[in-house]
Every structure is written in structure tokens, then in C-alpha cells.
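Notes to accompany the following structure.
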Amino acid sequence: MTDNALLIYQQNDFCIQELTLYLDTHPQDKMALRLLKRHLDKREELKLNVEDEMGPLTNLDNTTKDYQWYKGPWPWENEVNHHVDL
């Protein structure tokens with residue numbers, strides 16, 4: 001996994017959102033439908049990669065029995081606090 005796993009996951013989700021909006025007005029575009037399916041199929045793999053390294057993305061994604069999801073840092077805190085001396 002790369003350091004950019006969260007960014008790649010977010011980019012994939014952006015593509016899903018944009019393709020969904022496009023297909024609202026172009027529902028017969030088969031190439032866009034195939035592209036959407038490819039991004040949807042890839043999403044779970046990307047999400048698992050992010051969660052393996054950073055933990056659950058939301059409390060709804062928590063799969064642990066001891067509720068460790070609340071312990072930080074949250075995925076977005078790693079980048080924000082990377083250059084900050086606390």
C-alpha cells in the first residue's frame with residue numbers, strides 16, 4: 001500500500017459521484033456504465049486498504065468487537081498533524 005491510499009480512495013469515490021451524475025442525464029451511455037461498474041468494483045478493495053492501515057473510515061465501518069475505532073488518529077488527522085509540533 002502506498003502513502004496515498006486515502007487520496008486514491010477519495011479520487012475513486014469522486015469518479016463514482018461524477019459518473020452517477022452524468023448517467024442521470026445519459027442513462028444509455030454504455031461506456032460510462034462500464035466505467036462506473038469498474039470504479040464501484042475497485043472501491044471495496046481501496047477501502048479495505050485504507051482501513052487496514054488507518055482503521056475504519058467511519059463508525060459505521062467498525063468491525064472490531066472492542067470498539068477501537070474511536071481511538072485516533074482518524075485518517076484525516078495523519079496528514080493534518082504531520083507537520084505540526086504538538
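We name chains A, B, ... following the order of the C-alpha cells; residues begin at 1 in each chain, and ligands are numbered from 1 as shown.
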
Shell around range 34-44 of chain A at 9 Å using only C-alpha atoms, local window under 5 positions removed, as a list in words: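 The residues satisfying every condition are Tyr9, Asn12, Asp13, Cys15, Ile16, Leu19, Thr20, Asp29 and Asn49 of chain A.
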
List the spatial neighbours of Val50 in chain A as a list in words - criterion: any atom at most 8 Å away, only C-alpha atoms, same-chain residues fewer than 5 positions off excluded. Ala5, Leu6, Tyr9, Gly55 and Leu57 of chain A
